[in-house]
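Colleague: Dropping in final_23.cif, which is mmCIF, C-alpha atoms:
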data_work
loop_
_atom_site.label_atom_id
_atom_site.label_comp_id
_atom_site.auth_asym_id
_atom_site.auth_seq_id
_atom_site.Cartn_x
_atom_site.Cartn_y
_atom_site.Cartn_z
CA MET A 1 0.00 0.00 0.00
CA ARG A 2 2.71 2.39 1.01
CA LYS A 3 4.60 1.56 -2.17
CA ILE A 4 1.60 2.44 -4.31
CA LEU A 5 1.22 5.73 -2.47
CA CYS A 6 4.87 6.56 -2.97
CA ALA A 7 4.71 5.74 -6.64
CA LEU A 8 1.63 7.90 -6.96
CA LEU A 9 3.30 10.79 -5.16
CA VAL A 10 6.34 10.62 -7.43
CA THR A 11 4.06 10.62 -10.46
CA ILE A 12 2.15 13.66 -9.24
CA LEU A 13 5.29 15.60 -8.33
CA VAL A 14 7.14 14.90 -11.50
CA GLY A 15 4.28 15.05 -13.96
CA CYS A 16 5.60 14.57 -17.44
CA GLU A 17 9.22 15.55 -16.77
CA THR A 18 11.90 13.24 -18.13
CA LEU A 19 14.03 11.89 -15.33
CA GLU A 20 17.51 10.56 -15.80
CA THR A 21 20.24 9.06 -13.66
CA LYS A 22 23.46 11.01 -13.26
CA ARG A 23 25.22 8.86 -15.86
CA GLU A 24 22.41 9.29 -18.41
CA ALA A 25 22.29 13.03 -17.88
CA PHE A 26 26.03 13.69 -17.69
CA PRO A 27 27.84 10.86 -19.51
CA LYS A 28 31.00 12.93 -20.04
CA MET A 29 31.50 13.11 -16.28
CA TYR A 30 32.03 9.31 -16.33
CA ASP A 31 34.46 9.41 -19.23
CA ALA A 32 38.00 8.99 -17.90
CA GLU A 33 39.35 11.32 -20.59
CA LEU A 34 36.92 14.15 -19.96
CA LYS A 35 36.18 13.90 -16.25
CA PRO A 36 37.72 16.99 -14.62
CA VAL A 37 39.77 16.91 -11.44
CA SER A 38 40.42 20.63 -11.02
CA LEU A 39 37.92 23.36 -11.67
CA VAL A 40 38.09 27.12 -11.72
CA VAL A 41 35.07 29.25 -10.82
CA VAL A 42 34.64 32.49 -12.75
CA PRO A 43 32.98 35.52 -11.09
CA ALA A 44 29.20 35.04 -11.02
CA VAL A 45 27.04 36.78 -13.60
CA ASN A 46 24.48 38.72 -11.60
CA LYS A 47 21.21 39.25 -13.46
CA THR A 48 19.46 40.61 -10.38
CA THR A 49 19.50 44.00 -8.66
CA ALA A 50 20.85 42.54 -5.40
CA ALA A 51 24.34 44.03 -5.30
CA ASP A 52 25.70 41.68 -2.64
CA ALA A 53 24.42 38.51 -4.27
CA GLY A 54 27.63 37.96 -6.24
CA ASP A 55 29.84 38.14 -3.15
CA LEU A 56 27.54 35.84 -1.20
CA ILE A 57 27.69 33.24 -3.92
CA THR A 58 31.46 33.60 -4.30
CA ALA A 59 32.00 33.04 -0.59
CA THR A 60 29.86 29.90 -0.48
CA ILE A 61 30.71 28.16 -3.73
CA PRO A 62 34.06 26.43 -3.03
CA GLN A 63 32.76 24.32 -0.14
CA PRO A 64 29.99 22.24 -1.78
CA PHE A 65 32.00 21.65 -4.96
CA ALA A 66 35.10 20.58 -3.03
CA ASP A 67 32.92 18.38 -0.83
CA ASN A 68 31.61 16.74 -3.98
CA GLY A 69 35.14 15.59 -4.76
CA TYR A 70 36.70 18.27 -6.96
CA TYR A 71 39.83 20.35 -6.60
CA VAL A 72 38.45 23.89 -6.63
CA LEU A 73 41.19 26.39 -7.44
CA PRO A 74 41.60 28.87 -4.54
CA LEU A 75 38.85 31.35 -5.31
CA PRO A 76 40.27 34.34 -3.40
CA ILE A 77 43.49 34.10 -5.44
CA VAL A 78 41.69 33.42 -8.73
CA ASN A 79 39.40 36.42 -8.18
CA LYS A 80 42.36 38.63 -7.40
CA ILE A 81 43.98 37.60 -10.69
CA PHE A 82 40.72 38.34 -12.53
CA GLN A 83 40.57 41.78 -10.91
CA GLU A 84 44.16 42.53 -11.87
CA GLU A 85 43.23 41.59 -15.44
CA GLY A 86 40.22 43.90 -15.32
CA VAL A 87 37.56 41.20 -15.08
CA VAL A 88 34.92 41.98 -12.46
CA ASP A 89 31.87 40.34 -13.95
CA GLY A 90 31.62 36.80 -15.29
CA MET A 91 29.74 38.17 -18.29
CA GLN A 92 33.09 39.23 -19.76
CA MET A 93 34.23 35.61 -19.53
CA ILE A 94 31.34 33.78 -21.15
CA SER A 95 32.37 34.42 -24.72
CA ALA A 96 36.02 33.54 -24.01
CA PRO A 97 37.00 30.04 -25.17
CA ALA A 98 37.15 27.62 -22.24
CA SER A 99 40.66 26.59 -23.33
CA MET A 100 41.83 29.97 -22.07
CA PHE A 101 41.30 28.73 -18.51
CA ARG A 102 43.59 25.78 -19.11
CA GLU A 103 46.32 28.08 -20.34
CA ALA A 104 45.86 30.73 -17.66
CA PHE A 105 45.02 28.58 -14.64
CA GLY A 106 45.81 24.98 -15.55
CA ALA A 107 42.22 23.96 -14.77
CA ASP A 108 40.44 20.95 -16.32
CA ALA A 109 37.05 22.63 -16.30
CA VAL A 110 35.49 26.03 -15.79
CA LEU A 111 32.34 26.67 -13.76
CA TYR A 112 30.02 29.51 -14.76
CA VAL A 113 27.41 30.63 -12.26
CA THR A 114 24.49 32.90 -13.10
CA ILE A 115 22.35 34.51 -10.42
CA GLU A 116 18.89 34.46 -11.96
CA GLU A 117 16.78 35.43 -8.96
CA TRP A 118 17.46 37.12 -5.65
CA GLU A 119 14.28 38.61 -4.28
CA THR A 120 13.51 39.57 -0.74
CA ASN A 121 9.83 39.89 0.04
CA TYR A 122 8.58 41.59 3.16
CA ILE A 123 5.08 40.75 4.28
CA VAL A 124 4.30 42.68 7.46
CA LEU A 125 5.29 39.97 9.95
CA ALA A 126 7.35 37.78 7.72
CA ALA A 127 10.09 37.91 5.16
CA ASN A 128 11.39 35.44 2.70
CA VAL A 129 14.06 35.38 0.10
CA THR A 130 13.93 33.57 -3.22
CA VAL A 131 17.28 32.60 -4.67
CA GLY A 132 17.67 31.03 -8.10
CA LEU A 133 20.99 30.10 -9.69
CA SER A 134 22.15 28.28 -12.77
CA TYR A 135 25.45 26.48 -13.17
CA VAL A 136 27.37 25.30 -16.23
CA LEU A 137 30.60 23.32 -16.13
CA ARG A 138 32.64 23.30 -19.34
CA SER A 139 35.69 21.27 -20.28
CA THR A 140 38.79 23.36 -20.97
CA THR A 141 40.06 20.77 -23.44
CA THR A 142 36.97 20.29 -25.63
CA ASP A 143 34.75 23.27 -24.71
CA GLU A 144 31.87 20.81 -24.14
CA VAL A 145 29.31 21.24 -21.37
CA LEU A 146 30.05 18.52 -18.80
CA TRP A 147 27.40 19.32 -16.24
CA SER A 148 24.68 21.96 -15.89
CA TYR A 149 21.83 22.53 -13.48
CA LYS A 150 19.54 25.10 -11.90
CA ALA A 151 18.69 25.43 -8.24
CA ARG A 152 16.07 27.54 -6.49
CA GLN A 153 15.20 28.02 -2.84
CA VAL A 154 12.62 30.07 -1.00
CA VAL A 155 13.70 30.65 2.56
CA ASP A 156 11.82 32.26 5.43
CA THR A 157 14.16 34.80 6.98
CA ALA A 158 11.93 36.22 9.72
CA GLY A 159 12.73 35.37 13.31
CA GLN A 160 10.43 34.80 16.29
CA SER A 161 7.63 37.24 16.92
CA SER A 162 8.09 39.56 19.88
CA GLY A 163 4.34 40.03 20.28
CA PHE A 164 4.55 43.71 19.38
CA LEU A 165 3.57 44.49 15.83
CA LEU A 166 5.78 47.50 15.18
CA LEU A 167 8.78 45.92 16.83
CA ASP A 168 8.35 42.84 14.67
CA VAL A 169 8.30 44.87 11.49
CA ILE A 170 11.54 46.61 12.43
CA LYS A 171 13.08 43.36 13.59
CA THR A 172 12.23 41.63 10.33
CA ALA A 173 13.99 44.27 8.31
CA VAL A 174 17.03 44.32 10.57
CA ALA A 175 17.16 40.57 11.14
CA THR A 176 17.96 39.89 7.51
CA ALA A 177 21.57 41.00 7.85
CA MET A 178 23.99 40.17 5.06
CA THR A 179 25.66 37.28 6.85
CA ASP A 180 22.21 35.70 7.37
CA TYR A 181 22.14 35.17 3.63
CA LEU A 182 25.28 33.04 3.70
CA PRO A 183 23.49 29.83 4.79
CA ILE A 184 20.86 30.47 2.11
CA ALA A 185 23.47 30.90 -0.62
CA TYR A 186 25.19 27.79 0.69
CA ARG A 187 21.96 25.78 0.53
CA VAL A 188 21.29 26.73 -3.10
CA ASN A 189 24.81 25.72 -4.11
CA ALA A 190 24.52 22.47 -2.19
CA GLN A 191 21.15 21.72 -3.79
CA ALA A 192 22.57 22.01 -7.31
CA VAL A 193 25.56 19.86 -6.44
CA THR A 194 23.34 16.87 -5.58
CA THR A 195 22.93 16.24 -9.32
CA MET A 196 26.67 16.48 -10.02
CA PRO A 197 28.64 13.22 -10.36
CA PHE A 198 31.20 12.72 -7.57
CA GLY A 199 34.76 13.84 -8.28
CA ASN A 200 38.01 11.97 -7.68
CA TYR A 201 38.36 13.09 -4.07
CA HIS A 202 34.96 11.76 -3.09
CA PRO A 203 35.09 8.31 -1.47
CA LEU A 204 32.19 7.15 -3.67
CA VAL A 205 33.59 8.40 -6.99
CA GLY A 206 32.34 6.36 -9.95
CA THR A 207 29.62 4.59 -7.95
CA ASP A 208 26.86 7.16 -8.33
CA GLY A 209 26.12 6.75 -12.06
CA ASP A 210 22.89 4.85 -11.58
CA SER A 211 21.60 7.08 -8.80
CA GLY A 212 20.38 10.62 -8.65
CA ILE A 213 17.28 12.19 -10.10
CA VAL A 214 18.20 14.62 -12.82
CA ILE A 215 15.34 16.49 -14.45
CA LYS A 216 16.32 16.76 -18.08
CA SER A 217 14.55 20.07 -18.73
CA VAL A 218 16.31 21.72 -15.76
CA ARG A 219 19.68 20.48 -17.00
CA ASP A 220 19.00 21.88 -20.49
CA ALA A 221 17.59 25.17 -19.20
CA ALA A 222 20.81 25.97 -17.34
CA ALA A 223 22.90 25.41 -20.46
CA THR A 224 20.54 27.60 -22.50
CA ASP A 225 20.68 30.39 -19.89
CA LEU A 226 24.43 30.62 -20.28
CA ALA A 227 24.15 31.02 -24.02
CA ASN A 228 21.74 33.95 -23.63
CA MET B 1 16.43 -3.85 19.85
CA LYS B 2 19.32 -4.28 17.47
CA ILE B 3 18.00 -1.47 15.33
CA ARG B 4 17.86 0.81 18.33
CA ILE B 5 21.47 0.16 19.21
CA LEU B 6 22.45 0.68 15.60
CA LEU B 7 20.54 3.94 15.49
CA ALA B 8 22.12 5.16 18.70
CA GLY B 9 25.52 4.30 17.26
CA LEU B 10 24.73 6.17 14.08
CA VAL B 11 23.60 9.25 15.97
CA LEU B 12 26.80 9.19 18.00
CA THR B 13 28.90 8.82 14.87
CA VAL B 14 27.15 11.64 13.07
CA ALA B 15 27.11 13.95 16.09
CA GLY B 16 30.75 13.19 16.86
CA CYS B 17 31.98 14.73 13.66
CA SER B 18 29.30 17.36 13.24
CA SER B 19 31.79 20.00 12.09
CA VAL B 20 33.17 17.71 9.40
CA SER B 21 31.43 18.14 6.05
CA GLN B 22 29.96 15.39 3.91
CA GLY B 23 33.05 15.44 1.75
CA GLY B 24 35.18 14.77 4.82
CA TYR B 25 36.61 18.26 5.28
CA TYR B 26 36.77 20.64 8.20
CA TRP B 27 35.77 24.11 6.91
CA GLY B 28 35.56 26.04 10.17
CA ASN B 29 34.91 29.71 9.53
CA TYR B 30 35.67 29.53 5.79
CA SER B 31 32.69 31.25 4.15
CA VAL B 32 31.98 33.88 6.83
CA SER B 33 35.59 35.08 6.97
CA TYR B 34 35.75 35.08 3.16
CA PHE B 35 32.56 37.09 2.78
CA GLU B 36 33.61 39.64 5.41
CA MET B 37 36.94 40.13 3.67
CA VAL B 38 35.30 40.54 0.26
CA LYS B 39 32.87 43.13 1.65
CA ASP B 40 35.47 45.17 3.44
CA ARG B 41 39.13 44.40 2.82
CA SER B 42 40.89 45.82 5.87
CA PRO B 43 43.74 44.72 8.14
CA GLU B 44 41.10 43.39 10.58
CA THR B 45 39.16 41.27 8.09
CA ILE B 46 42.42 39.97 6.58
CA ALA B 47 43.73 39.01 10.02
CA LYS B 48 40.45 37.19 10.70
CA ARG B 49 40.74 35.38 7.38
CA ILE B 50 44.30 34.27 8.11
CA SER B 51 43.35 32.92 11.51
CA ALA B 52 40.38 31.11 9.92
CA LEU B 53 42.75 29.42 7.43
CA GLU B 54 45.23 28.50 10.16
CA GLU B 55 42.44 27.07 12.29
CA ILE B 56 41.22 24.92 9.37
CA ILE B 57 44.73 23.48 8.90
CA GLU B 58 45.16 22.88 12.63
CA GLN B 59 41.78 21.21 13.09
CA SER B 60 42.14 19.11 9.95
CA LYS B 61 45.46 17.76 11.21
CA GLU B 62 44.03 17.10 14.65
CA ARG B 63 41.17 15.12 13.12
CA ASP B 64 43.42 13.36 10.62
CA LEU B 65 41.57 14.89 7.65
CA ARG B 66 42.85 16.18 4.35
CA VAL B 67 43.14 19.98 4.41
CA PRO B 68 40.45 21.33 2.00
CA PRO B 69 41.47 22.54 -1.48
CA GLY B 70 43.01 26.00 -1.66
CA ILE B 71 43.63 26.59 2.05
CA TYR B 72 47.43 26.19 1.98
CA ALA B 73 47.67 28.18 -1.27
CA GLU B 74 45.64 31.09 0.09
CA LEU B 75 47.62 31.19 3.32
CA GLY B 76 50.81 31.16 1.24
CA MET B 77 49.53 34.11 -0.74
CA PHE B 78 48.96 36.13 2.45
CA PHE B 79 52.51 35.36 3.57
CA VAL B 80 53.89 36.52 0.22
CA GLU B 81 51.87 39.73 0.40
CA ASP B 82 53.28 40.27 3.87
CA GLY B 83 56.82 40.09 2.47
CA ARG B 84 57.42 36.55 3.79
CA LYS B 85 58.06 34.95 0.43
CA GLU B 86 59.86 31.89 1.81
CA ASP B 87 57.04 31.06 4.21
CA GLY B 88 54.64 31.49 1.31
CA MET B 89 56.59 29.04 -0.83
CA VAL B 90 56.38 26.42 1.92
CA GLN B 91 52.58 26.71 1.88
CA PHE B 92 52.49 26.48 -1.92
CA GLU B 93 54.52 23.26 -1.70
CA ASN B 94 52.02 21.94 0.86
CA GLU B 95 49.16 22.62 -1.55
CA ILE B 96 50.92 20.70 -4.34
CA ALA B 97 51.77 17.83 -1.99
CA VAL B 98 48.11 17.35 -1.04
CA TYR B 99 46.65 18.20 -4.47
CA PRO B 100 49.11 17.40 -7.30
CA GLU B 101 46.68 18.83 -9.89
CA SER B 102 47.21 22.27 -8.34
CA LYS B 103 50.80 22.28 -9.63
CA PRO B 104 50.20 24.11 -12.95
CA PHE B 105 48.17 26.76 -11.13
CA ILE B 106 50.72 27.25 -8.35
CA GLU B 107 53.57 27.45 -10.87
CA ARG B 108 51.78 30.16 -12.82
CA LEU B 109 51.04 31.97 -9.60
CA VAL B 110 54.66 31.88 -8.49
CA SER B 111 55.82 33.12 -11.90
CA ARG B 112 53.59 36.19 -11.45
CA LEU B 113 55.11 37.09 -8.10
CA PRO B 114 57.33 40.18 -8.02
#
Will you turn the file into structure tokens for me?

Modeller:
Amino acid sequence: MRKILCALLVTILVGCETLETKREAFPKMYDAELKPVSLVVVPAVNKTTAADAGDLITATIPQPFADNGYYVLPLPIVNKIFQEEGVVDGMQMISAPASMFREAFGADAVLYVTIEEWETNYIVLAANVTVGLSYVLRSTTTDEVLWSYKARQVVDTAGQSSGFLLLDVIKTAVATAMTDYLPIAYRVNAQAVTTMPFGNYHPLVGTDGDSGIVIKSVRDAAATDLAN
Amino acid sequence: MKIRILLAGLVLTVAGCSSVSQGGYYWGNYSVSYFEMVKDRSPETIAKRISALEEIIEQSKERDLRVPPGIYAELGMFFVEDGRKEDGMVQFENEIAVYPESKPFIERLVSRLP
């Protein structure tokens, strides 16, 4: 009975989306020749009006990708080099051939991150933030897209009510300090990474091909976003 | 009964290494110190960043974990900027020793140094 219910629930949730395993969705990540070990992250392209969003993403991106088994080039140093070369926005990097990152940084792959959504909504006693990102990983040897995905989270950022209406309104606005956004940014990055095949430093590398639920349309949408 | 003991064991295991990430790294104050430095690069935020990096190395060693990618290299860079080039080189060597694929990057980095 429970099995039937579960099956039904999956059907309802997924509708007519095409689901794939990690290996089906990202076969190049299981190809010994193409699978990257080191990756370089270029400054995020920020399509939103939230000025701090780029820095929040930058500060939280190395962790989940390193945890997934990849050697992430030291971002603070990489960003400093980009700045010295006059690159402040990832937009300037998108049209550059990926091979450039092999020559300049010795990286196997380059990760492009686009901030699609970063909206804070205040509703008298509550506040929430919607964060949407898309990720594309490209090989620096063949220029091919190795992995791509989109992640979105809506997070309630309001704290406990004090019982006084006015105080709560002020508190809500103040409570959402910049560092409070760090865990949110981290969660979005971590969510996207769940669809990414494990890298060489992960103890389960190579064993996750038949697992994972990758929604094909979400994978494709991320790759299309980068092109536009 | 058995399941209960197993569960208790699991909880203990998980709780025991709560500050170790899924990938088996100790990240300490990595993202907060990074963000604060990016927002306002000052002697204070840089000092905080350096102590965050040193704490990550210390704790990783204590727990017998691999130091996360980039930590040694970044610390080395701070030493170089502080005029301690030799100390910086030691950290760059550490990065290469733990992550051999960082070698081309580190070599390019060193070639850019004044």

Colleague: Could you list, with a cut-off of 8 Å and counting only C-alpha atoms, the residues of chain B near chain A, each shown with its nearest atom pair and the distance in Å rounded to one decimal, rows sorted by chain and ascending number, as a tab-separated table?

Modeller:
residue	atom	partner	partner_atom	distance
B:Ser21	CA	A:Asp67	CA	7.0
B:Gln22	CA	A:Asp67	CA	6.3
B:Gly23	CA	A:Asp67	CA	3.9
B:Gly24	CA	A:Asp67	CA	7.1
B:Tyr25	CA	A:Asp67	CA	7.1
B:Trp27	CA	A:Gln63	CA	7.7
B:Ser31	CA	A:Ala59	CA	5.1
B:Val32	CA	A:Thr179	CA	7.2
B:Tyr34	CA	A:Ala59	CA	5.7
B:Phe35	CA	A:Ala59	CA	5.3
B:Val38	CA	A:Asp55	CA	6.9
B:Lys39	CA	A:Asp55	CA	7.6
B:Pro68	CA	A:Ala66	CA	7.4
B:Pro69	CA	A:Tyr71	CA	5.8
B:Gly70	CA	A:Pro74	CA	4.3
B:Ile71	CA	A:Pro74	CA	7.3
B:Ala73	CA	A:Pro74	CA	6.9
B:Glu74	CA	A:Pro74	CA	6.5
B:Met77	CA	A:Ile77	CA	7.7
B:Tyr99	CA	A:Tyr71	CA	7.5
B:Glu101	CA	A:Ser38	CA	6.6
B:Ser102	CA	A:Leu73	CA	7.4
B:Pro104	CA	A:Gly106	CA	5.2
B:Phe105	CA	A:Phe105	CA	5.1
B:Arg108	CA	A:Phe105	CA	7.2

Colleague: Within 10 Å of Thr49 in chain A, counting only C-alpha atoms, which residues qualify if same-chain residues fewer than 6 places away don't, as a PyMOL selection string?

Modeller: chain A and resi 117-119

Colleague: Would you put the residues from that selection into a file with C-alpha atoms, as a PDB file, keeping the file's coordinate frame?

Modeller:
ATOM      1  CA  GLU A 117      16.780  35.430  -8.960  1.00  0.00           C
ATOM      2  CA  TRP A 118      17.460  37.120  -5.650  1.00  0.00           C
ATOM      3  CA  GLU A 119      14.280  38.610  -4.280  1.00  0.00           C
TER       4      GLU A 119
END

Colleague: When distances are computed from all atoms listed in the file, which of A:Ser99, A:Asn189, A:Thr130, A:Thr21 shows the smallest separation from Ala50 in chain A?

Modeller: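 The answer is A:Thr130, which sits nearest to Ala50 in chain A.
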
Colleague: Within 12 Å of Gln59 in chain B, counting all atoms listed in the file, which residues show up once you throw out same-chain ones fewer than 6 positions away? Write them as a ChimeraX atom specification, please.

Modeller: /B:17,19-20,25-29,51-53,65-68

Colleague: Could those residues be written to a file, using C-alpha atoms, as a PDB file, in the frame of the given file?

Modeller:
ATOM      1  CA  CYS B  17      31.980  14.730  13.660  1.00  0.00           C
ATOM      2  CA  SER B  19      31.790  20.000  12.090  1.00  0.00           C
ATOM      3  CA  VAL B  20      33.170  17.710   9.400  1.00  0.00           C
ATOM      4  CA  TYR B  25      36.610  18.260   5.280  1.00  0.00           C
ATOM      5  CA  TYR B  26      36.770  20.640   8.200  1.00  0.00           C
ATOM      6  CA  TRP B  27      35.770  24.110   6.910  1.00  0.00           C
ATOM      7  CA  GLY B  28      35.560  26.040  10.170  1.00  0.00           C
ATOM      8  CA  ASN B  29      34.910  29.710   9.530  1.00  0.00           C
ATOM      9  CA  SER B  51      43.350  32.920  11.510  1.00  0.00           C
ATOM     10  CA  ALA B  52      40.380  31.110   9.920  1.00  0.00           C
ATOM     11  CA  LEU B  53      42.750  29.420   7.430  1.00  0.00           C
ATOM     12  CA  LEU B  65      41.570  14.890   7.650  1.00  0.00           C
ATOM     13  CA  ARG B  66      42.850  16.180   4.350  1.00  0.00           C
ATOM     14  CA  VAL B  67      43.140  19.980   4.410  1.00  0.00           C
ATOM     15  CA  PRO B  68      40.450  21.330   2.000  1.00  0.00           C
TER      16      PRO B  68
END

Colleague: Which residues are near Leu137 in chain A? Cut-off 9 Å, only C-alpha atoms, ignore same chain within fewer than 4 positions. Put them as a ChimeraX atom specification.

Modeller: /A:39,109-113,144-148

Colleague: Can I get the selected residues back with C-alpha atoms, as a compact mmCIF listing (two decimals), in the coordinates of the input?

Modeller:
# COMPACT_ATOMS: atom_id res chain seq x y z
CA LEU A 39 37.92 23.36 -11.67
CA ALA A 109 37.05 22.63 -16.30
CA VAL A 110 35.49 26.03 -15.79
CA LEU A 111 32.34 26.67 -13.76
CA TYR A 112 30.02 29.51 -14.76
CA VAL A 113 27.41 30.63 -12.26
CA GLU A 144 31.87 20.81 -24.14
CA VAL A 145 29.31 21.24 -21.37
CA LEU A 146 30.05 18.52 -18.80
CA TRP A 147 27.40 19.32 -16.24
CA SER A 148 24.68 21.96 -15.89

Colleague: Pick the closest to Thr120 in chain A from A:Ser211, A:Ser134, A:Thr48, A:Thr195: which is it, counting all atoms listed in the file?

Modeller: A:Thr48

Colleague: Go ahead and compute the interatomic distance for CA of Thr142 in chain A and CA of Met91 in chain A, in Å to one decimal.

Modeller: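 That distance, rounded to one decimal, is 20.6 Å.
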
Colleague: Which one is closest to Lys85 in chain B: B:Val110, B:Pro43, B:Ile50, B:Tyr30? Count all atoms listed in the file.

Modeller: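 Of B:Val110, B:Pro43, B:Ile50, B:Tyr30, the one nearest Lys85 in chain B is B:Val110, counting all atoms listed in the file.
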
Colleague: Which residue, A:Ile94, A:Asn200, A:Ala127, A:Thr140, has the smallest gap to Ala44 in chain A when you use only C-alpha atoms?

Modeller: A:Ile94

Colleague: Would you kindly return, as a ChimeraX atom specification, each protein, DNA or RNA residue with an atom no farther than 9 Å from any atom of Lys103 in chain B, considering all atoms listed in the file and excluding same-chain residues fewer than 5 positions away?

Modeller: /A:106 /B:92-93,95-97,108

Colleague: For CA of Gly88 in chain B and CA of Glu62 in chain B, determine how far apart the two atoms are, in Å to one decimal place.

Modeller: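 Straight-line distance from CA of Gly88 in chain B to CA of Glu62 in chain B works out to 22.3 Å.
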
Colleague: Provide the CA of Val155 in chain A to CA of Val129 in chain A distance in Å, to one decimal place.

Modeller: 5.3 Å

Colleague: Axis-aligned box over every listed atom of range 99-111 of chain B, padded by 8 Å per side: centre and edges in Å to one decimal, as lines of an AutoDock Vina configuration file?

Modeller:
center_x = 51.2
center_y = 25.3
center_z = -8.7
size_x = 25.2
size_y = 31.7
size_z = 24.5

Colleague: Given the choices A:Ala51, A:Leu19, A:Ile115, A:Val154, which gets closest to Ala222 in chain A if the distance is worked out from all atoms listed in the file?

Modeller: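 Among the listed residues, the smallest separation from Ala222 in chain A belongs to A:Ile115.
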
Colleague: Spell out the residues picked by the PyMOL selection byres ((chain A and resi 217) around 10) here, as a PyMOL selection string.

Modeller: chain A and resi 17-19+149-150+214-216+218-222
